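my_file.pdb, holding PDB, C-alpha atoms, pLDDT in the B column:
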```
MODEL        1
ATOM      1  CA  MET A  20     165.917  36.919 -36.502  1.00 76.00           C
ATOM      2  CA  ASN A  21     165.255  39.888 -38.728  1.00 94.00           C
ATOM      3  CA  ILE A  22     168.045  41.164 -40.943  1.00 94.00           C
ATOM      4  CA  PHE A  23     169.116  43.925 -38.553  1.00 95.00           C
ATOM      5  CA  ASP A  24     169.383  41.446 -35.672  1.00 95.00           C
ATOM      6  CA  ILE A  25     171.557  39.214 -37.863  1.00 95.00           C
ATOM      7  CA  ILE A  26     173.792  42.132 -38.869  1.00 95.00           C
ATOM      8  CA  ASP A  27     174.021  43.360 -35.277  1.00 93.00           C
ATOM      9  CA  SER A  28     174.854  39.938 -33.828  1.00 93.00           C
ATOM     10  CA  ARG A  29     177.530  38.896 -36.362  1.00 95.00           C
ATOM     11  CA  ARG A  30     180.941  38.599 -34.719  1.00 95.00           C
ATOM     12  CA  SER A  31     184.452  37.552 -35.694  1.00 96.00           C
ATOM     13  CA  TYR A  32     184.852  34.340 -33.727  1.00 97.00           C
ATOM     14  CA  ARG A  33     188.417  33.141 -33.093  1.00 96.00           C
ATOM     15  CA  GLY A  34     187.722  30.570 -30.374  1.00 96.00           C
ATOM     16  CA  LYS A  35     187.286  26.829 -30.341  1.00 97.00           C
ATOM     17  CA  TYR A  36     184.352  25.104 -32.001  1.00 98.00           C
ATOM     18  CA  LYS A  37     182.140  22.326 -30.672  1.00 98.00           C
ATOM     19  CA  PRO A  38     182.579  18.962 -32.424  1.00 97.00           C
ATOM     20  CA  VAL A  39     179.214  19.318 -34.171  1.00 97.00           C
ATOM     21  CA  PRO A  40     179.177  18.646 -37.924  1.00 98.00           C
ATOM     22  CA  VAL A  41     177.797  21.313 -40.248  1.00 98.00           C
ATOM     23  CA  PRO A  42     175.250  19.712 -42.575  1.00 98.00           C
ATOM     24  CA  ARG A  43     175.961  20.107 -46.287  1.00 98.00           C
ATOM     25  CA  GLU A  44     172.510  21.648 -46.641  1.00 98.00           C
ATOM     26  CA  ASP A  45     173.685  24.507 -44.392  1.00 98.00           C
ATOM     27  CA  LEU A  46     177.013  24.830 -46.214  1.00 98.00           C
ATOM     28  CA  ARG A  47     175.092  25.054 -49.482  1.00 98.00           C
ATOM     29  CA  LYS A  48     172.837  27.808 -48.084  1.00 98.00           C
ATOM     30  CA  ILE A  49     175.909  29.730 -46.955  1.00 98.00           C
ATOM     31  CA  MET A  50     177.563  29.401 -50.365  1.00 98.00           C
ATOM     32  CA  GLU A  51     174.338  30.331 -52.181  1.00 98.00           C
ATOM     33  CA  ALA A  52     174.229  33.514 -50.075  1.00 98.00           C
ATOM     34  CA  GLY A  53     177.788  34.293 -51.160  1.00 98.00           C
ATOM     35  CA  LEU A  54     177.093  33.677 -54.817  1.00 98.00           C
ATOM     36  CA  ALA A  55     173.987  35.902 -54.614  1.00 98.00           C
ATOM     37  CA  ALA A  56     176.164  38.937 -53.785  1.00 98.00           C
ATOM     38  CA  PRO A  57     176.508  41.746 -56.311  1.00 97.00           C
ATOM     39  CA  SER A  58     179.375  41.511 -58.766  1.00 95.00           C
ATOM     40  CA  GLY A  59     180.991  44.359 -60.734  1.00 93.00           C
ATOM     41  CA  CYS A  60     179.545  44.326 -64.267  1.00 93.00           C
ATOM     42  CA  ASN A  61     178.169  40.865 -63.406  1.00 93.00           C
ATOM     43  CA  LYS A  62     181.588  39.293 -64.044  1.00 92.00           C
ATOM     44  CA  GLN A  63     180.899  36.803 -61.216  1.00 96.00           C
ATOM     45  CA  THR A  64     184.540  36.550 -60.221  1.00 96.00           C
ATOM     46  CA  VAL A  65     183.846  34.601 -57.010  1.00 98.00           C
ATOM     47  CA  SER A  66     183.980  30.816 -56.681  1.00 98.00           C
ATOM     48  CA  LEU A  67     183.707  28.803 -53.475  1.00 98.00           C
ATOM     49  CA  ILE A  68     184.890  25.476 -52.076  1.00 98.00           C
ATOM     50  CA  ALA A  69     183.265  24.082 -48.925  1.00 98.00           C
ATOM     51  CA  VAL A  70     185.439  21.654 -47.008  1.00 98.00           C
ATOM     52  CA  ASP A  71     183.784  19.206 -44.618  1.00 98.00           C
ATOM     53  CA  ASP A  72     186.096  16.224 -45.079  1.00 98.00           C
ATOM     54  CA  LYS A  73     188.098  15.952 -41.844  1.00 97.00           C
ATOM     55  CA  GLU A  74     191.290  14.832 -43.581  1.00 98.00           C
ATOM     56  CA  ILE A  75     191.281  17.648 -46.150  1.00 98.00           C
ATOM     57  CA  LEU A  76     190.299  20.218 -43.516  1.00 98.00           C
ATOM     58  CA  SER A  77     193.134  19.011 -41.287  1.00 97.00           C
ATOM     59  CA  LYS A  78     195.624  19.460 -44.150  1.00 97.00           C
ATOM     60  CA  LEU A  79     194.343  22.980 -44.873  1.00 97.00           C
ATOM     61  CA  LEU A  80     194.352  24.133 -41.271  1.00 97.00           C
ATOM     62  CA  GLY A  81     197.654  22.385 -40.593  1.00 96.00           C
ATOM     63  CA  ILE A  82     199.614  24.678 -42.903  1.00 96.00           C
ATOM     64  CA  ILE A  83     198.291  27.913 -41.420  1.00 96.00           C
ATOM     65  CA  ASP A  84     200.915  29.461 -39.174  1.00 91.00           C
ATOM     66  CA  PRO A  85     200.161  30.752 -36.632  1.00 92.00           C
ATOM     67  CA  PRO A  86     197.240  28.315 -36.367  1.00 95.00           C
ATOM     68  CA  VAL A  87     193.599  29.372 -36.674  1.00 96.00           C
ATOM     69  CA  ALA A  88     190.232  27.596 -36.490  1.00 97.00           C
ATOM     70  CA  GLU A  89     191.888  24.296 -35.589  1.00 96.00           C
ATOM     71  CA  THR A  90     188.659  22.797 -34.227  1.00 97.00           C
ATOM     72  CA  ALA A  91     186.280  24.042 -36.947  1.00 98.00           C
ATOM     73  CA  PRO A  92     184.212  21.165 -38.380  1.00 98.00           C
ATOM     74  CA  ALA A  93     183.927  22.872 -41.784  1.00 98.00           C
ATOM     75  CA  ALA A  94     185.286  25.803 -43.767  1.00 98.00           C
ATOM     76  CA  ILE A  95     184.587  27.686 -46.949  1.00 98.00           C
ATOM     77  CA  CYS A  96     187.477  28.789 -49.136  1.00 98.00           C
ATOM     78  CA  VAL A  97     186.829  31.853 -51.274  1.00 98.00           C
ATOM     79  CA  LEU A  98     188.407  32.024 -54.713  1.00 98.00           C
ATOM     80  CA  THR A  99     188.595  34.958 -57.071  1.00 98.00           C
ATOM     81  CA  GLN A 100     189.473  35.540 -60.683  1.00 97.00           C
ATOM     82  CA  ARG A 101     191.089  38.861 -61.583  1.00 95.00           C
ATOM     83  CA  ILE A 102     188.868  39.754 -64.548  1.00 93.00           C
ATOM     84  CA  ASN A 103     188.751  43.292 -65.881  1.00 93.00           C
ATOM     85  CA  ALA A 104     185.254  44.703 -66.132  1.00 88.00           C
ATOM     86  CA  TYR A 105     184.377  48.355 -66.698  1.00 85.00           C
ATOM     87  CA  ARG A 106     187.032  50.648 -68.256  1.00 90.00           C
ATOM     88  CA  ASP A 107     189.696  47.999 -67.660  1.00 89.00           C
ATOM     89  CA  LYS A 108     189.006  48.074 -63.925  1.00 93.00           C
ATOM     90  CA  CYS A 109     188.917  44.866 -61.904  1.00 94.00           C
ATOM     91  CA  PHE A 110     186.304  44.626 -59.149  1.00 95.00           C
ATOM     92  CA  ALA A 111     187.387  41.246 -57.790  1.00 94.00           C
ATOM     93  CA  VAL A 112     188.104  42.605 -54.286  1.00 96.00           C
ATOM     94  CA  GLN A 113     184.694  44.235 -54.090  1.00 97.00           C
ATOM     95  CA  ASP A 114     183.056  41.089 -55.488  1.00 97.00           C
ATOM     96  CA  TYR A 115     184.587  38.691 -52.993  1.00 98.00           C
ATOM     97  CA  SER A 116     184.138  41.141 -50.110  1.00 98.00           C
ATOM     98  CA  ALA A 117     180.403  41.332 -50.815  1.00 98.00           C
ATOM     99  CA  ALA A 118     180.234  37.535 -51.112  1.00 98.00           C
ATOM    100  CA  ILE A 119     182.100  37.039 -47.829  1.00 98.00           C
ATOM    101  CA  GLU A 120     179.844  39.447 -45.954  1.00 98.00           C
ATOM    102  CA  ASN A 121     176.738  37.709 -47.320  1.00 98.00           C
ATOM    103  CA  MET A 122     178.146  34.373 -46.153  1.00 98.00           C
ATOM    104  CA  LEU A 123     179.056  35.728 -42.718  1.00 98.00           C
ATOM    105  CA  LEU A 124     175.488  36.956 -42.310  1.00 98.00           C
ATOM    106  CA  MET A 125     174.054  33.599 -43.403  1.00 98.00           C
ATOM    107  CA  ILE A 126     176.454  31.796 -41.050  1.00 98.00           C
ATOM    108  CA  THR A 127     175.094  33.938 -38.199  1.00 97.00           C
ATOM    109  CA  ALA A 128     171.482  33.415 -39.295  1.00 98.00           C
ATOM    110  CA  LEU A 129     171.992  29.634 -39.212  1.00 98.00           C
ATOM    111  CA  GLY A 130     173.419  29.745 -35.665  1.00 97.00           C
ATOM    112  CA  TYR A 131     177.096  29.245 -36.494  1.00 98.00           C
ATOM    113  CA  GLU A 132     180.182  31.393 -35.990  1.00 98.00           C
ATOM    114  CA  SER A 133     183.070  32.304 -38.284  1.00 98.00           C
ATOM    115  CA  CYS A 134     185.903  34.719 -38.921  1.00 97.00           C
ATOM    116  CA  TRP A 135     187.149  36.339 -42.129  1.00 98.00           C
ATOM    117  CA  TYR A 136     190.735  35.081 -42.519  1.00 97.00           C
ATOM    118  CA  GLU A 137     192.308  36.836 -45.473  1.00 97.00           C
ATOM    119  CA  GLY A 138     195.479  38.770 -44.641  1.00 95.00           C
ATOM    120  CA  HIS A 139     196.657  35.906 -42.460  1.00 92.00           C
ATOM    121  CA  ILE A 140     196.761  33.534 -45.449  1.00 95.00           C
ATOM    122  CA  THR A 141     197.523  35.954 -48.309  1.00 96.00           C
ATOM    123  CA  ASP A 142     200.531  37.594 -46.655  1.00 94.00           C
ATOM    124  CA  ASP A 143     204.060  37.339 -48.075  1.00 94.00           C
ATOM    125  CA  ASP A 144     204.349  33.665 -47.067  1.00 93.00           C
ATOM    126  CA  ARG A 145     201.407  32.885 -49.430  1.00 96.00           C
ATOM    127  CA  ILE A 146     199.805  30.159 -47.312  1.00 97.00           C
ATOM    128  CA  CYS A 147     196.834  30.577 -49.672  1.00 98.00           C
ATOM    129  CA  ASP A 148     198.844  29.074 -52.537  1.00 98.00           C
ATOM    130  CA  LYS A 149     199.590  25.960 -50.476  1.00 98.00           C
ATOM    131  CA  MET A 150     195.903  25.712 -49.580  1.00 98.00           C
ATOM    132  CA  ALA A 151     194.920  26.100 -53.235  1.00 98.00           C
ATOM    133  CA  ALA A 152     197.300  23.258 -54.172  1.00 98.00           C
ATOM    134  CA  ILE A 153     195.658  20.960 -51.608  1.00 98.00           C
ATOM    135  CA  LEU A 154     192.247  21.767 -53.124  1.00 98.00           C
ATOM    136  CA  GLY A 155     193.362  21.415 -56.745  1.00 98.00           C
ATOM    137  CA  VAL A 156     192.558  25.025 -57.606  1.00 98.00           C
ATOM    138  CA  PRO A 157     193.520  25.674 -61.249  1.00 98.00           C
ATOM    139  CA  ASP A 158     195.627  28.549 -62.572  1.00 96.00           C
ATOM    140  CA  GLY A 159     193.639  31.728 -63.042  1.00 97.00           C
ATOM    141  CA  TYR A 160     191.992  31.438 -59.623  1.00 98.00           C
ATOM    142  CA  GLU A 161     193.371  32.847 -56.385  1.00 98.00           C
ATOM    143  CA  LEU A 162     192.363  31.582 -52.938  1.00 98.00           C
ATOM    144  CA  VAL A 163     191.799  34.767 -50.918  1.00 98.00           C
ATOM    145  CA  CYS A 164     189.871  33.826 -47.796  1.00 98.00           C
ATOM    146  CA  LEU A 165     189.107  31.042 -45.348  1.00 98.00           C
ATOM    147  CA  LEU A 166     185.815  31.096 -43.441  1.00 98.00           C
ATOM    148  CA  PRO A 167     185.670  28.454 -40.711  1.00 98.00           C
ATOM    149  CA  VAL A 168     182.098  27.371 -39.943  1.00 98.00           C
ATOM    150  CA  GLY A 169     180.875  25.782 -36.745  1.00 98.00           C
ATOM    151  CA  VAL A 170     179.109  26.079 -33.414  1.00 98.00           C
ATOM    152  CA  ALA A 171     181.050  28.214 -30.950  1.00 97.00           C
ATOM    153  CA  ALA A 172     182.352  26.473 -27.840  1.00 97.00           C
ATOM    154  CA  LYS A 173     182.326  29.788 -25.945  1.00 94.00           C
ATOM    155  CA  THR A 174     179.979  32.729 -25.733  1.00 90.00           C
ATOM    156  CA  VAL A 175     180.863  35.331 -28.309  1.00 86.00           C
ATOM    157  CA  LYS A 176     181.439  38.790 -26.832  1.00 86.00           C
ATOM    158  CA  ALA A 177     180.460  41.925 -28.696  1.00 86.00           C
ATOM    159  CA  PRO A 178     183.332  44.325 -29.375  1.00 89.00           C
ATOM    160  CA  GLN A 179     183.098  47.944 -28.276  1.00 91.00           C
ATOM    161  CA  LYS A 180     181.814  50.056 -31.170  1.00 92.00           C
ATOM    162  CA  LYS A 181     182.134  53.798 -31.550  1.00 95.00           C
ATOM    163  CA  ALA A 182     178.925  55.809 -31.322  1.00 94.00           C
ATOM    164  CA  PHE A 183     176.957  56.361 -34.541  1.00 93.00           C
ATOM    165  CA  GLU A 184     177.632  60.110 -34.324  1.00 93.00           C
ATOM    166  CA  GLU A 185     181.393  59.523 -34.399  1.00 93.00           C
ATOM    167  CA  ARG A 186     181.271  57.698 -37.740  1.00 95.00           C
ATOM    168  CA  ALA A 187     178.143  58.709 -39.639  1.00 96.00           C
ATOM    169  CA  TRP A 188     176.620  62.047 -40.583  1.00 94.00           C
ATOM    170  CA  PHE A 189     174.010  63.652 -42.806  1.00 93.00           C
ATOM    171  CA  ASN A 190     174.744  66.112 -45.614  1.00 94.00           C
ATOM    172  CA  GLY A 191     178.457  66.533 -44.899  1.00 94.00           C
ATOM    173  CA  PHE A 192     181.331  65.282 -42.783  1.00 95.00           C
ATOM    174  CA  GLY A 193     180.740  65.917 -39.087  1.00 89.00           C
ATOM    175  CA  GLN A 194     177.255  67.371 -39.715  1.00 88.00           C
ATOM    176  CA  LYS A 195     174.226  66.509 -37.573  1.00 80.00           C
TER
ENDMDL
END
```

This entry written out as structure tokens:
Amino acid sequence: MNIFDIIDSRRSYRGKYKPVPVPREDLRKIMEAGLAAPSGCNKQTVSLIAVDDKEILSKLLGIIDPPVAETAPAAICVLTQRINAYRDKCFAVQDYSAAIENMLLMITALGYESCWYEGHITDDDRICDKMAAILGVPDGYELVCLLPVGVAAKTVKAPQKKAFEERAWFNGFGQK
């Protein structure tokens, strides 16, 4: 696939996964894509933990309520450090967002599916803190996202998208 095909075919998959292991070589490629993302002032605030051990993955997924990705054979947990960069501004959100998108594109390119679970685990109940404890994440790092990785058990349907002309213009808002 060329890059546009990969971008165009990426979906948020919330279904069941086939019981097919994800090779560590593929998990490494996915994480390398994430770590290759741009980072504000090169602070490199993103760190990643791939989980392919069934017992650890079961513990992580078991504390997420309501449940998600229960049949995923692997997952990548995204960590951030809130480090100030330029003019005392922190770009951690932008850094990990770019890393996550790179990983989602690599996941698609390798023939897997995933979904960006952030708000679901970072909400007021702070499931992310319980997940971080399971993984031994030290103070100073925050677990902000879970990306399940696996082969979809169902066909992934494309969502309806608004027309280009409704969301993008040239030389001014609403201009043609």

What would the selection look like, as a compact mmCIF listing (two decimals) with C-alpha atoms, in the frame of the given file, if the PyMOL selection byres ((chain A and resi 195) around 12) were run on the coordinates I just shared?
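Written file, expr32.txt:
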```txt
# COMPACT_ATOMS: atom_id res chain seq x y z
CA PHE A 183 176.96 56.36 -34.54
CA GLU A 184 177.63 60.11 -34.32
CA GLU A 185 181.39 59.52 -34.40
CA ARG A 186 181.27 57.70 -37.74
CA ALA A 187 178.14 58.71 -39.64
CA TRP A 188 176.62 62.05 -40.58
CA PHE A 189 174.01 63.65 -42.81
CA ASN A 190 174.74 66.11 -45.61
CA GLY A 191 178.46 66.53 -44.90
CA PHE A 192 181.33 65.28 -42.78
CA GLY A 193 180.74 65.92 -39.09
CA GLN A 194 177.26 67.37 -39.72
```

For this session: For the structure provided, state which residues fall under the PyMOL selection byres ((chain A and resi 49) around 9), and present them as a count of residues only.
Result: 18

Problem set entry | Nearest to Thr90 of chain A by atom-to-atom distance, counting all atoms listed in the file, from A:Asp143, A:Trp135, A:Ser77, A:Phe110 | A:Ser77

Between segment 117-157 of chain A and segment 59-69 of chain A, at 10 Å or less, what are the per-residue closest atom pairs and their distances in Å? Count all atoms listed in the file, order by chain and rising residue number, and return it as a Markdown table.
```
| residue | atom | partner | partner_atom | distance |
| --- | --- | --- | --- | --- |
| A:Ala117 | CA | A:Val65 | CA | 9.8 |
| A:Ala118 | CA | A:Val65 | CA | 7.5 |
| A:Ile119 | CA | A:Val65 | CA | 9.7 |
| A:Leu154 | CA | A:Ile68 | CA | 8.3 |
| A:Val156 | CA | A:Ile68 | CA | 9.5 |
```

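With atom CA of Ala177 of chain A on one side and atom CA of Arg29 of chain A on the other, the separation reads 8.7 Å.
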